[in-house]
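Peer 1: Sharing a structure here in structure tokens format.
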Amino acid sequence: TRVIVIDPEREYQNLAKSVDGTYIKLSTSSRNKINPFDLASASHSKDDLSEHIQDLADVIRLMVKGLDKSEEAAVDRAIIKVYRKATKTQPPLLQNLYGELRALGQMQLCERLEKYITGSLAGVFNAHTNIELDNRLVVFDIKEMAKEIRPIMMMIISNFVKNQVMSNPQKRLLVIDEAWLLLQ
């Protein structure tokens with residue numbers, strides 16, 4: 001069984017080192033990235049994509065601090081368009097969603113997303129995934145992330161793990177330390 005830990009307080013660093021685990025530090029300056037749009041494999045059923053779109057909408061809802069009904073519908077349409085335009089080898093990025101939302105005339109929503117596209121958090125959420133879950137213990141350290149974006153990163157990591165499991169089924173245990181942060 002592989003174990004993946006989301007660690008907001010850097011409590012698992014020594015454990016990861018002691019068992020030769022993979023320790024991934026995620027922060028605004030980190031080289032390690034997870035693309036929220038990454039589906040982990042090129043072949044997915046329509047149901048998988050539909051579920052992933054709902055997960056992405058939840059991530060966007062957290063990023064922009066809520067969506068009204070019109071924005072919710074626009075996000076859904078834009079995500080579908082983004083995946084239709086994507087290639088099998090290169091998943092879309094957040095900036096592609098932003099472009100589709102602009103084309104749909106969702107300027108206020110785009111304004112609220114801007115810090116993740118061109119602003120202070122562009123390097124965190126608008127990049128291709130460059131990590132793998134190929135160790136028996138993988139620890140994601142999110143301590144250096146601002147408290148405001150920790151729940152977003154927790155959701156992105158848990159969606160990433162779920163997508164990895166769906167593309168390569170094997171026993172995995174996801175431990176979300178301080179999960180109450182995500183539930184707030």
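Residues are named by chain letter and number: chains run A, B, ... in the order of the structure tokens, numbers start at 1 in each chain, and ligands are numbered from 1 in the order shown.
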Pick out the residues sitting within 10 Å of range 143-149 of chain A, and hand them over as an mmCIF file with N, CA and C atoms, in the first residue's frame; count only C-alpha atoms, and ignore anything fewer than 2 positions along from it in its own chain.

Peer 2:
```cif
data_model
loop_
_atom_site.group_PDB
_atom_site.id
_atom_site.type_symbol
_atom_site.label_atom_id
_atom_site.label_comp_id
_atom_site.auth_asym_id
_atom_site.auth_seq_id
_atom_site.Cartn_x
_atom_site.Cartn_y
_atom_site.Cartn_z
ATOM 1 N N ILE A 6 -0.921 14.760 2.970
ATOM 2 C CA ILE A 6 -0.947 16.213 2.795
ATOM 3 C C ILE A 6 -0.633 16.792 4.166
ATOM 4 N N ASP A 7 0.490 17.483 4.268
ATOM 5 C CA ASP A 7 1.040 17.925 5.548
ATOM 6 C C ASP A 7 1.114 19.451 5.637
ATOM 7 N N PRO A 8 0.135 20.086 6.282
ATOM 8 C CA PRO A 8 0.152 21.549 6.372
ATOM 9 C C PRO A 8 1.061 22.101 7.481
ATOM 10 N N GLU A 9 1.592 21.251 8.338
ATOM 11 C CA GLU A 9 2.400 21.743 9.465
ATOM 12 C C GLU A 9 3.828 21.187 9.494
ATOM 13 N N ARG A 10 4.267 20.563 8.409
ATOM 14 C CA ARG A 10 5.615 19.993 8.292
ATOM 15 C C ARG A 10 5.918 18.978 9.403
ATOM 16 N N GLU A 11 4.941 18.161 9.720
ATOM 17 C CA GLU A 11 5.103 17.157 10.771
ATOM 18 C C GLU A 11 5.585 15.802 10.238
ATOM 19 N N LYS A 25 7.745 19.684 -1.404
ATOM 20 C CA LYS A 25 7.417 20.962 -0.777
ATOM 21 C C LYS A 25 6.709 21.827 -1.808
ATOM 22 N N LEU A 26 5.473 22.209 -1.503
ATOM 23 C CA LEU A 26 4.720 23.072 -2.401
ATOM 24 C C LEU A 26 4.601 24.450 -1.774
ATOM 25 N N SER A 27 5.005 25.459 -2.521
ATOM 26 C CA SER A 27 4.913 26.840 -2.052
ATOM 27 C C SER A 27 4.874 27.740 -3.282
ATOM 28 N N THR A 28 4.779 29.031 -3.044
ATOM 29 C CA THR A 28 4.735 29.955 -4.181
ATOM 30 C C THR A 28 6.048 29.958 -4.964
ATOM 31 N N SER A 29 7.136 29.560 -4.327
ATOM 32 C CA SER A 29 8.429 29.553 -5.018
ATOM 33 C C SER A 29 8.909 28.141 -5.370
ATOM 34 N N SER A 30 8.097 27.139 -5.124
ATOM 35 C CA SER A 30 8.483 25.755 -5.362
ATOM 36 C C SER A 30 8.594 25.425 -6.844
ATOM 37 N N LEU A 62 -13.505 27.778 -4.928
ATOM 38 C CA LEU A 62 -12.644 28.149 -3.795
ATOM 39 C C LEU A 62 -11.727 29.316 -4.158
ATOM 40 N N MET A 63 -11.158 29.258 -5.344
ATOM 41 C CA MET A 63 -10.217 30.300 -5.778
ATOM 42 C C MET A 63 -10.885 31.676 -5.818
ATOM 43 N N LEU A 121 0.110 34.496 -7.685
ATOM 44 C CA LEU A 121 0.002 33.038 -7.558
ATOM 45 C C LEU A 121 0.044 32.307 -8.900
ATOM 46 N N VAL A 124 1.984 29.062 -9.111
ATOM 47 C CA VAL A 124 1.548 27.958 -8.256
ATOM 48 C C VAL A 124 0.534 27.066 -8.966
ATOM 49 N N PHE A 140 3.273 15.678 0.857
ATOM 50 C CA PHE A 140 3.123 17.009 0.280
ATOM 51 C C PHE A 140 3.144 18.021 1.412
ATOM 52 N N ASP A 141 4.207 18.792 1.511
ATOM 53 C CA ASP A 141 4.353 19.824 2.536
ATOM 54 C C ASP A 141 3.785 21.128 1.978
ATOM 55 N N PRO A 151 -6.456 25.438 1.582
ATOM 56 C CA PRO A 151 -7.593 24.567 1.204
ATOM 57 C C PRO A 151 -7.655 24.311 -0.304
ATOM 58 N N ILE A 152 -7.278 25.294 -1.098
ATOM 59 C CA ILE A 152 -7.259 25.118 -2.556
ATOM 60 C C ILE A 152 -6.233 24.048 -2.918
ATOM 61 N N MET A 153 -5.039 24.155 -2.343
ATOM 62 C CA MET A 153 -3.986 23.188 -2.647
ATOM 63 C C MET A 153 -4.351 21.802 -2.128
ATOM 64 N N MET A 154 -4.984 21.722 -0.961
ATOM 65 C CA MET A 154 -5.415 20.420 -0.444
ATOM 66 C C MET A 154 -6.385 19.749 -1.417
ATOM 67 N N LEU A 181 -9.342 22.041 7.755
ATOM 68 C CA LEU A 181 -9.084 23.238 6.936
ATOM 69 C C LEU A 181 -9.843 23.155 5.606
#
```

Peer 1: What's around Pro169 in chain A at 12 Å? Count only C-alpha atoms, leave out sequence neighbours fewer than 6 positions away in its own chain, and write the answer as a list in words.

Peer 2: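 The residues that qualify are Thr1, Arg2, Ala40, Val161, Lys162 and Asn163 of chain A.
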
Peer 1: Please list as a list of chain:residue names every residue within 8 Å of range 99-103 of chain A, counting only C-alpha atoms and excluding residues in the same chain fewer than 2 positions away.

Peer 2: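 Final neighbour list, sorted by chain and number: A:Ala74, A:Val75, A:Ala78, A:Lys81, A:Val82, A:Gln95, A:Asn96, A:Leu97, A:Gly105, A:Gln106, A:Met107, A:Leu109, A:Cys110.
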
Peer 1: Any chance you can output those residues with C-alpha atoms as a compact mmCIF listing (two decimals), in the first residue's frame?

Peer 2:
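Result written to selection-v2.txt:
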```
# COMPACT_ATOMS: atom_id res chain seq x y z
CA ALA A 74 -20.02 29.68 -17.46
CA VAL A 75 -17.27 27.78 -15.62
CA ALA A 78 -15.56 26.93 -20.30
CA LYS A 81 -14.45 23.88 -24.19
CA VAL A 82 -10.94 23.81 -22.75
CA GLN A 95 -4.88 30.27 -18.30
CA ASN A 96 -6.85 28.35 -20.97
CA LEU A 97 -9.93 28.42 -18.73
CA GLY A 105 -17.85 37.74 -21.31
CA GLN A 106 -17.29 36.74 -17.68
CA MET A 107 -15.10 39.76 -16.89
CA LEU A 109 -15.02 36.27 -12.76
CA CYS A 110 -11.83 36.74 -14.78
```

Peer 1: I need the residue nearest Asp58 in chain A from this list: A:Asn135, A:Thr118, A:Ala179, A:Asp76. Use only C-alpha atoms for the distance.

Peer 2: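 Residue with the minimum atom-to-atom distance to Asp58 in chain A: A:Asp76.
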
Peer 1: Neighbouring residues of Arg172 in chain A were defined as those with any atom within 12 Å, considering only C-alpha atoms; residues of the same chain fewer than 3 positions away were excluded. Please report them as a PDB file with all heavy atoms, in the first residue's frame.

Peer 2:
```
ATOM      1  N   THR A   1       0.838  -1.183   0.000  1.00  0.00           N
ATOM      2  CA  THR A   1       0.000   0.000   0.000  1.00  0.00           C
ATOM      3  C   THR A   1       0.879   1.242   0.000  1.00  0.00           C
ATOM      4  O   THR A   1       1.809   1.357   0.790  1.00  0.00           O
ATOM      5  CB  THR A   1      -0.913   0.039   1.252  1.00  0.00           C
ATOM      6  OG1 THR A   1      -1.701  -1.135   1.259  1.00  0.00           O
ATOM      7  CG2 THR A   1      -1.799   1.245   1.233  1.00  0.00           C
ATOM      8  N   ARG A   2       0.555   2.144  -0.896  1.00  0.00           N
ATOM      9  CA  ARG A   2       1.270   3.418  -0.953  1.00  0.00           C
ATOM     10  C   ARG A   2       0.520   4.430  -0.093  1.00  0.00           C
ATOM     11  O   ARG A   2      -0.704   4.433  -0.062  1.00  0.00           O
ATOM     12  CB  ARG A   2       1.370   3.906  -2.386  1.00  0.00           C
ATOM     13  CG  ARG A   2       2.235   2.996  -3.237  1.00  0.00           C
ATOM     14  CD  ARG A   2       2.179   3.395  -4.691  1.00  0.00           C
ATOM     15  NE  ARG A   2       2.913   2.437  -5.479  1.00  0.00           N
ATOM     16  CZ  ARG A   2       4.078   2.702  -6.060  1.00  0.00           C
ATOM     17  NH1 ARG A   2       4.616   3.880  -5.943  1.00  0.00           N
ATOM     18  NH2 ARG A   2       4.694   1.782  -6.755  1.00  0.00           N
ATOM     19  N   VAL A   3       1.263   5.288   0.573  1.00  0.00           N
ATOM     20  CA  VAL A   3       0.672   6.287   1.454  1.00  0.00           C
ATOM     21  C   VAL A   3       1.042   7.673   0.939  1.00  0.00           C
ATOM     22  O   VAL A   3       2.210   7.955   0.671  1.00  0.00           O
ATOM     23  CB  VAL A   3       1.162   6.114   2.913  1.00  0.00           C
ATOM     24  CG1 VAL A   3       0.581   7.190   3.808  1.00  0.00           C
ATOM     25  CG2 VAL A   3       0.822   4.725   3.433  1.00  0.00           C
ATOM     26  N   ILE A   4       0.018   8.520   0.812  1.00  0.00           N
ATOM     27  CA  ILE A   4       0.215   9.905   0.406  1.00  0.00           C
ATOM     28  C   ILE A   4      -0.298  10.771   1.541  1.00  0.00           C
ATOM     29  O   ILE A   4      -1.407  10.564   2.033  1.00  0.00           O
ATOM     30  CB  ILE A   4      -0.545  10.230  -0.905  1.00  0.00           C
ATOM     31  CG1 ILE A   4      -0.006   9.375  -2.055  1.00  0.00           C
ATOM     32  CG2 ILE A   4      -0.393  11.693  -1.268  1.00  0.00           C
ATOM     33  CD1 ILE A   4      -0.949   8.348  -2.521  1.00  0.00           C
ATOM     34  N   VAL A   5       0.502  11.741   1.969  1.00  0.00           N
ATOM     35  CA  VAL A   5       0.144  12.598   3.094  1.00  0.00           C
ATOM     36  C   VAL A   5       0.153  14.051   2.636  1.00  0.00           C
ATOM     37  O   VAL A   5       1.107  14.502   2.002  1.00  0.00           O
ATOM     38  CB  VAL A   5       1.146  12.432   4.267  1.00  0.00           C
ATOM     39  CG1 VAL A   5       0.789  13.363   5.425  1.00  0.00           C
ATOM     40  CG2 VAL A   5       1.204  10.985   4.737  1.00  0.00           C
ATOM     41  N   LEU A 133       3.765  10.078  -8.169  1.00  0.00           N
ATOM     42  CA  LEU A 133       3.438   9.381  -6.915  1.00  0.00           C
ATOM     43  C   LEU A 133       4.015   7.971  -6.983  1.00  0.00           C
ATOM     44  O   LEU A 133       3.305   6.999  -6.817  1.00  0.00           O
ATOM     45  CB  LEU A 133       1.917   9.328  -6.715  1.00  0.00           C
ATOM     46  CG  LEU A 133       1.190  10.658  -6.670  1.00  0.00           C
ATOM     47  CD1 LEU A 133      -0.313  10.436  -6.518  1.00  0.00           C
ATOM     48  CD2 LEU A 133       1.707  11.524  -5.542  1.00  0.00           C
ATOM     49  N   ASP A 134       5.313   7.865  -7.231  1.00  0.00           N
ATOM     50  CA  ASP A 134       5.918   6.561  -7.482  1.00  0.00           C
ATOM     51  C   ASP A 134       6.726   6.008  -6.309  1.00  0.00           C
ATOM     52  O   ASP A 134       7.574   5.162  -6.478  1.00  0.00           O
ATOM     53  CB  ASP A 134       6.782   6.631  -8.746  1.00  0.00           C
ATOM     54  CG  ASP A 134       7.866   7.683  -8.650  1.00  0.00           C
ATOM     55  OD1 ASP A 134       7.913   8.410  -7.639  1.00  0.00           O
ATOM     56  OD2 ASP A 134       8.668   7.786  -9.595  1.00  0.00           O
ATOM     57  N   ASN A 135       6.447   6.476  -5.115  1.00  0.00           N
ATOM     58  CA  ASN A 135       7.147   5.991  -3.931  1.00  0.00           C
ATOM     59  C   ASN A 135       6.113   5.414  -2.972  1.00  0.00           C
ATOM     60  O   ASN A 135       4.933   5.746  -3.058  1.00  0.00           O
ATOM     61  CB  ASN A 135       7.910   7.146  -3.272  1.00  0.00           C
ATOM     62  CG  ASN A 135       9.023   6.675  -2.358  1.00  0.00           C
ATOM     63  OD1 ASN A 135       8.902   5.660  -1.694  1.00  0.00           O
ATOM     64  ND2 ASN A 135      10.114   7.422  -2.340  1.00  0.00           N
ATOM     65  N   ARG A 136       6.556   4.590  -2.029  1.00  0.00           N
ATOM     66  CA  ARG A 136       5.577   4.018  -1.082  1.00  0.00           C
ATOM     67  C   ARG A 136       5.088   5.044  -0.073  1.00  0.00           C
ATOM     68  O   ARG A 136       4.036   4.882   0.511  1.00  0.00           O
ATOM     69  CB  ARG A 136       6.154   2.793  -0.386  1.00  0.00           C
ATOM     70  CG  ARG A 136       7.342   3.088   0.473  1.00  0.00           C
ATOM     71  CD  ARG A 136       8.005   1.824   0.980  1.00  0.00           C
ATOM     72  NE  ARG A 136       9.166   2.205   1.759  1.00  0.00           N
ATOM     73  CZ  ARG A 136       9.409   1.773   2.963  1.00  0.00           C
ATOM     74  NH1 ARG A 136       8.611   0.920   3.531  1.00  0.00           N
ATOM     75  NH2 ARG A 136      10.470   2.187   3.606  1.00  0.00           N
ATOM     76  N   LEU A 137       5.847   6.140   0.125  1.00  0.00           N
ATOM     77  CA  LEU A 137       5.395   7.259   0.956  1.00  0.00           C
ATOM     78  C   LEU A 137       5.691   8.559   0.215  1.00  0.00           C
ATOM     79  O   LEU A 137       6.833   8.817  -0.162  1.00  0.00           O
ATOM     80  CB  LEU A 137       6.096   7.279   2.319  1.00  0.00           C
ATOM     81  CG  LEU A 137       5.792   8.508   3.203  1.00  0.00           C
ATOM     82  CD1 LEU A 137       4.308   8.528   3.614  1.00  0.00           C
ATOM     83  CD2 LEU A 137       6.681   8.536   4.431  1.00  0.00           C
ATOM     84  N   VAL A 138       4.648   9.341   0.002  1.00  0.00           N
ATOM     85  CA  VAL A 138       4.796  10.653  -0.624  1.00  0.00           C
ATOM     86  C   VAL A 138       4.163  11.666   0.314  1.00  0.00           C
ATOM     87  O   VAL A 138       3.001  11.528   0.697  1.00  0.00           O
ATOM     88  CB  VAL A 138       4.108  10.718  -2.009  1.00  0.00           C
ATOM     89  CG1 VAL A 138       4.241  12.113  -2.601  1.00  0.00           C
ATOM     90  CG2 VAL A 138       4.691   9.674  -2.958  1.00  0.00           C
ATOM     91  N   SER A 158      -5.679  16.306  -3.510  1.00  0.00           N
ATOM     92  CA  SER A 158      -6.571  15.145  -3.370  1.00  0.00           C
ATOM     93  C   SER A 158      -7.188  14.766  -4.718  1.00  0.00           C
ATOM     94  O   SER A 158      -7.319  13.574  -5.028  1.00  0.00           O
ATOM     95  CB  SER A 158      -7.622  15.359  -2.292  1.00  0.00           C
ATOM     96  OG  SER A 158      -8.367  16.514  -2.514  1.00  0.00           O
ATOM     97  N   VAL A 161      -4.427  12.950  -6.667  1.00  0.00           N
ATOM     98  CA  VAL A 161      -4.261  11.575  -6.180  1.00  0.00           C
ATOM     99  C   VAL A 161      -5.392  10.696  -6.713  1.00  0.00           C
ATOM    100  O   VAL A 161      -5.160   9.583  -7.194  1.00  0.00           O
ATOM    101  CB  VAL A 161      -4.195  11.533  -4.637  1.00  0.00           C
ATOM    102  CG1 VAL A 161      -4.268  10.101  -4.120  1.00  0.00           C
ATOM    103  CG2 VAL A 161      -2.927  12.228  -4.141  1.00  0.00           C
ATOM    104  N   LYS A 162      -6.626  11.194  -6.635  1.00  0.00           N
ATOM    105  CA  LYS A 162      -7.771  10.423  -7.127  1.00  0.00           C
ATOM    106  C   LYS A 162      -7.598  10.097  -8.609  1.00  0.00           C
ATOM    107  O   LYS A 162      -7.826   8.961  -9.034  1.00  0.00           O
ATOM    108  CB  LYS A 162      -9.070  11.195  -6.903  1.00  0.00           C
ATOM    109  CG  LYS A 162     -10.307  10.434  -7.390  1.00  0.00           C
ATOM    110  CD  LYS A 162     -11.558  11.244  -7.220  1.00  0.00           C
ATOM    111  CE  LYS A 162     -11.607  12.235  -8.354  1.00  0.00           C
ATOM    112  NZ  LYS A 162     -12.834  12.966  -8.488  1.00  0.00           N
ATOM    113  N   GLN A 164      -4.816   9.888 -10.280  1.00  0.00           N
ATOM    114  CA  GLN A 164      -3.722   8.917 -10.407  1.00  0.00           C
ATOM    115  C   GLN A 164      -4.227   7.507 -10.108  1.00  0.00           C
ATOM    116  O   GLN A 164      -3.877   6.562 -10.802  1.00  0.00           O
ATOM    117  CB  GLN A 164      -2.580   9.270  -9.434  1.00  0.00           C
ATOM    118  CG  GLN A 164      -1.836  10.527  -9.779  1.00  0.00           C
ATOM    119  CD  GLN A 164      -0.875  10.342 -10.918  1.00  0.00           C
ATOM    120  OE1 GLN A 164      -0.229   9.315 -11.039  1.00  0.00           O
ATOM    121  NE2 GLN A 164      -0.781  11.326 -11.781  1.00  0.00           N
ATOM    122  N   VAL A 165      -5.035   7.383  -9.067  1.00  0.00           N
ATOM    123  CA  VAL A 165      -5.583   6.074  -8.695  1.00  0.00           C
ATOM    124  C   VAL A 165      -6.482   5.543  -9.812  1.00  0.00           C
ATOM    125  O   VAL A 165      -6.442   4.359 -10.149  1.00  0.00           O
ATOM    126  CB  VAL A 165      -6.356   6.152  -7.358  1.00  0.00           C
ATOM    127  CG1 VAL A 165      -7.143   4.885  -7.089  1.00  0.00           C
ATOM    128  CG2 VAL A 165      -5.394   6.424  -6.210  1.00  0.00           C
ATOM    129  N   MET A 166      -7.290   6.419 -10.400  1.00  0.00           N
ATOM    130  CA  MET A 166      -8.189   5.990 -11.470  1.00  0.00           C
ATOM    131  C   MET A 166      -7.410   5.535 -12.698  1.00  0.00           C
ATOM    132  O   MET A 166      -7.821   4.599 -13.382  1.00  0.00           O
ATOM    133  CB  MET A 166      -9.155   7.123 -11.836  1.00  0.00           C
ATOM    134  CG  MET A 166     -10.203   7.351 -10.767  1.00  0.00           C
ATOM    135  SD  MET A 166     -11.187   8.863 -10.953  1.00  0.00           S
ATOM    136  CE  MET A 166     -11.737   8.773 -12.629  1.00  0.00           C
ATOM    137  N   ASN A 168      -4.249   4.364 -12.656  1.00  0.00           N
ATOM    138  CA  ASN A 168      -3.355   3.262 -12.307  1.00  0.00           C
ATOM    139  C   ASN A 168      -3.823   2.665 -10.982  1.00  0.00           C
ATOM    140  O   ASN A 168      -3.234   2.944  -9.932  1.00  0.00           O
ATOM    141  CB  ASN A 168      -1.916   3.785 -12.204  1.00  0.00           C
ATOM    142  CG  ASN A 168      -0.927   2.691 -11.874  1.00  0.00           C
ATOM    143  OD1 ASN A 168      -1.228   1.507 -11.975  1.00  0.00           O
ATOM    144  ND2 ASN A 168       0.264   3.087 -11.460  1.00  0.00           N
ATOM    145  N   PRO A 169      -4.884   1.844 -11.027  1.00  0.00           N
ATOM    146  CA  PRO A 169      -5.463   1.328  -9.777  1.00  0.00           C
ATOM    147  C   PRO A 169      -4.485   0.460  -8.982  1.00  0.00           C
ATOM    148  O   PRO A 169      -3.933  -0.501  -9.504  1.00  0.00           O
ATOM    149  CB  PRO A 169      -6.660   0.495 -10.246  1.00  0.00           C
ATOM    150  CG  PRO A 169      -6.942   0.957 -11.635  1.00  0.00           C
ATOM    151  CD  PRO A 169      -5.639   1.408 -12.195  1.00  0.00           C
ATOM    152  N   VAL A 175      -3.768  10.520   3.409  1.00  0.00           N
ATOM    153  CA  VAL A 175      -3.912  11.093   4.748  1.00  0.00           C
ATOM    154  C   VAL A 175      -3.909  12.607   4.594  1.00  0.00           C
ATOM    155  O   VAL A 175      -2.936  13.178   4.084  1.00  0.00           O
ATOM    156  CB  VAL A 175      -2.755  10.649   5.679  1.00  0.00           C
ATOM    157  CG1 VAL A 175      -2.883  11.315   7.041  1.00  0.00           C
ATOM    158  CG2 VAL A 175      -2.706   9.139   5.804  1.00  0.00           C
TER     159      VAL A 175
END
```

Peer 1: Where in chain A does DSSP assign strand (DSSP E or B), given as a ChimeraX atom specification?

Peer 2: /A:2-7,22-25,137-141,172-176

Peer 1: Which residues are near Arg31 in chain A? Cut-off 12 Å, only C-alpha atoms, ignore same chain within fewer than 6 positions. Put them as a PDB file with N, CA and C atoms, in the first residue's frame.

Peer 2:
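Resulting contents of part.pdb:
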```
ATOM      1  N   ILE A  24       7.679  16.370  -1.023  1.00  0.00           N
ATOM      2  CA  ILE A  24       7.403  17.404  -2.018  1.00  0.00           C
ATOM      3  C   ILE A  24       6.933  18.661  -1.304  1.00  0.00           C
ATOM      4  N   LYS A  25       7.745  19.684  -1.404  1.00  0.00           N
ATOM      5  CA  LYS A  25       7.417  20.962  -0.777  1.00  0.00           C
ATOM      6  C   LYS A  25       6.709  21.827  -1.808  1.00  0.00           C
ATOM      7  N   GLY A 123       2.516  31.246 -10.681  1.00  0.00           N
ATOM      8  CA  GLY A 123       3.462  30.140 -10.719  1.00  0.00           C
ATOM      9  C   GLY A 123       3.035  28.932  -9.912  1.00  0.00           C
ATOM     10  N   VAL A 124       1.984  29.062  -9.111  1.00  0.00           N
ATOM     11  CA  VAL A 124       1.548  27.958  -8.256  1.00  0.00           C
ATOM     12  C   VAL A 124       0.534  27.066  -8.966  1.00  0.00           C
ATOM     13  N   PHE A 125      -0.477  27.666  -9.577  1.00  0.00           N
ATOM     14  CA  PHE A 125      -1.602  26.902 -10.108  1.00  0.00           C
ATOM     15  C   PHE A 125      -1.673  26.883 -11.634  1.00  0.00           C
ATOM     16  N   ALA A 127       0.635  25.882 -14.104  1.00  0.00           N
ATOM     17  CA  ALA A 127       1.822  25.209 -14.635  1.00  0.00           C
ATOM     18  C   ALA A 127       1.518  23.722 -14.798  1.00  0.00           C
ATOM     19  N   HIS A 128       2.284  23.069 -15.645  1.00  0.00           N
ATOM     20  CA  HIS A 128       2.085  21.631 -15.867  1.00  0.00           C
ATOM     21  C   HIS A 128       2.644  20.820 -14.692  1.00  0.00           C
ATOM     22  N   THR A 129       2.030  19.698 -14.429  1.00  0.00           N
ATOM     23  CA  THR A 129       2.446  18.803 -13.351  1.00  0.00           C
ATOM     24  C   THR A 129       3.839  18.261 -13.643  1.00  0.00           C
ATOM     25  N   ASN A 130       4.688  18.275 -12.617  1.00  0.00           N
ATOM     26  CA  ASN A 130       6.040  17.738 -12.780  1.00  0.00           C
ATOM     27  C   ASN A 130       6.436  16.818 -11.620  1.00  0.00           C
ATOM     28  N   ILE A 131       5.438  16.194 -10.999  1.00  0.00           N
ATOM     29  CA  ILE A 131       5.720  15.273  -9.894  1.00  0.00           C
ATOM     30  C   ILE A 131       5.066  13.921 -10.173  1.00  0.00           C
TER      31      ILE A 131
END
```
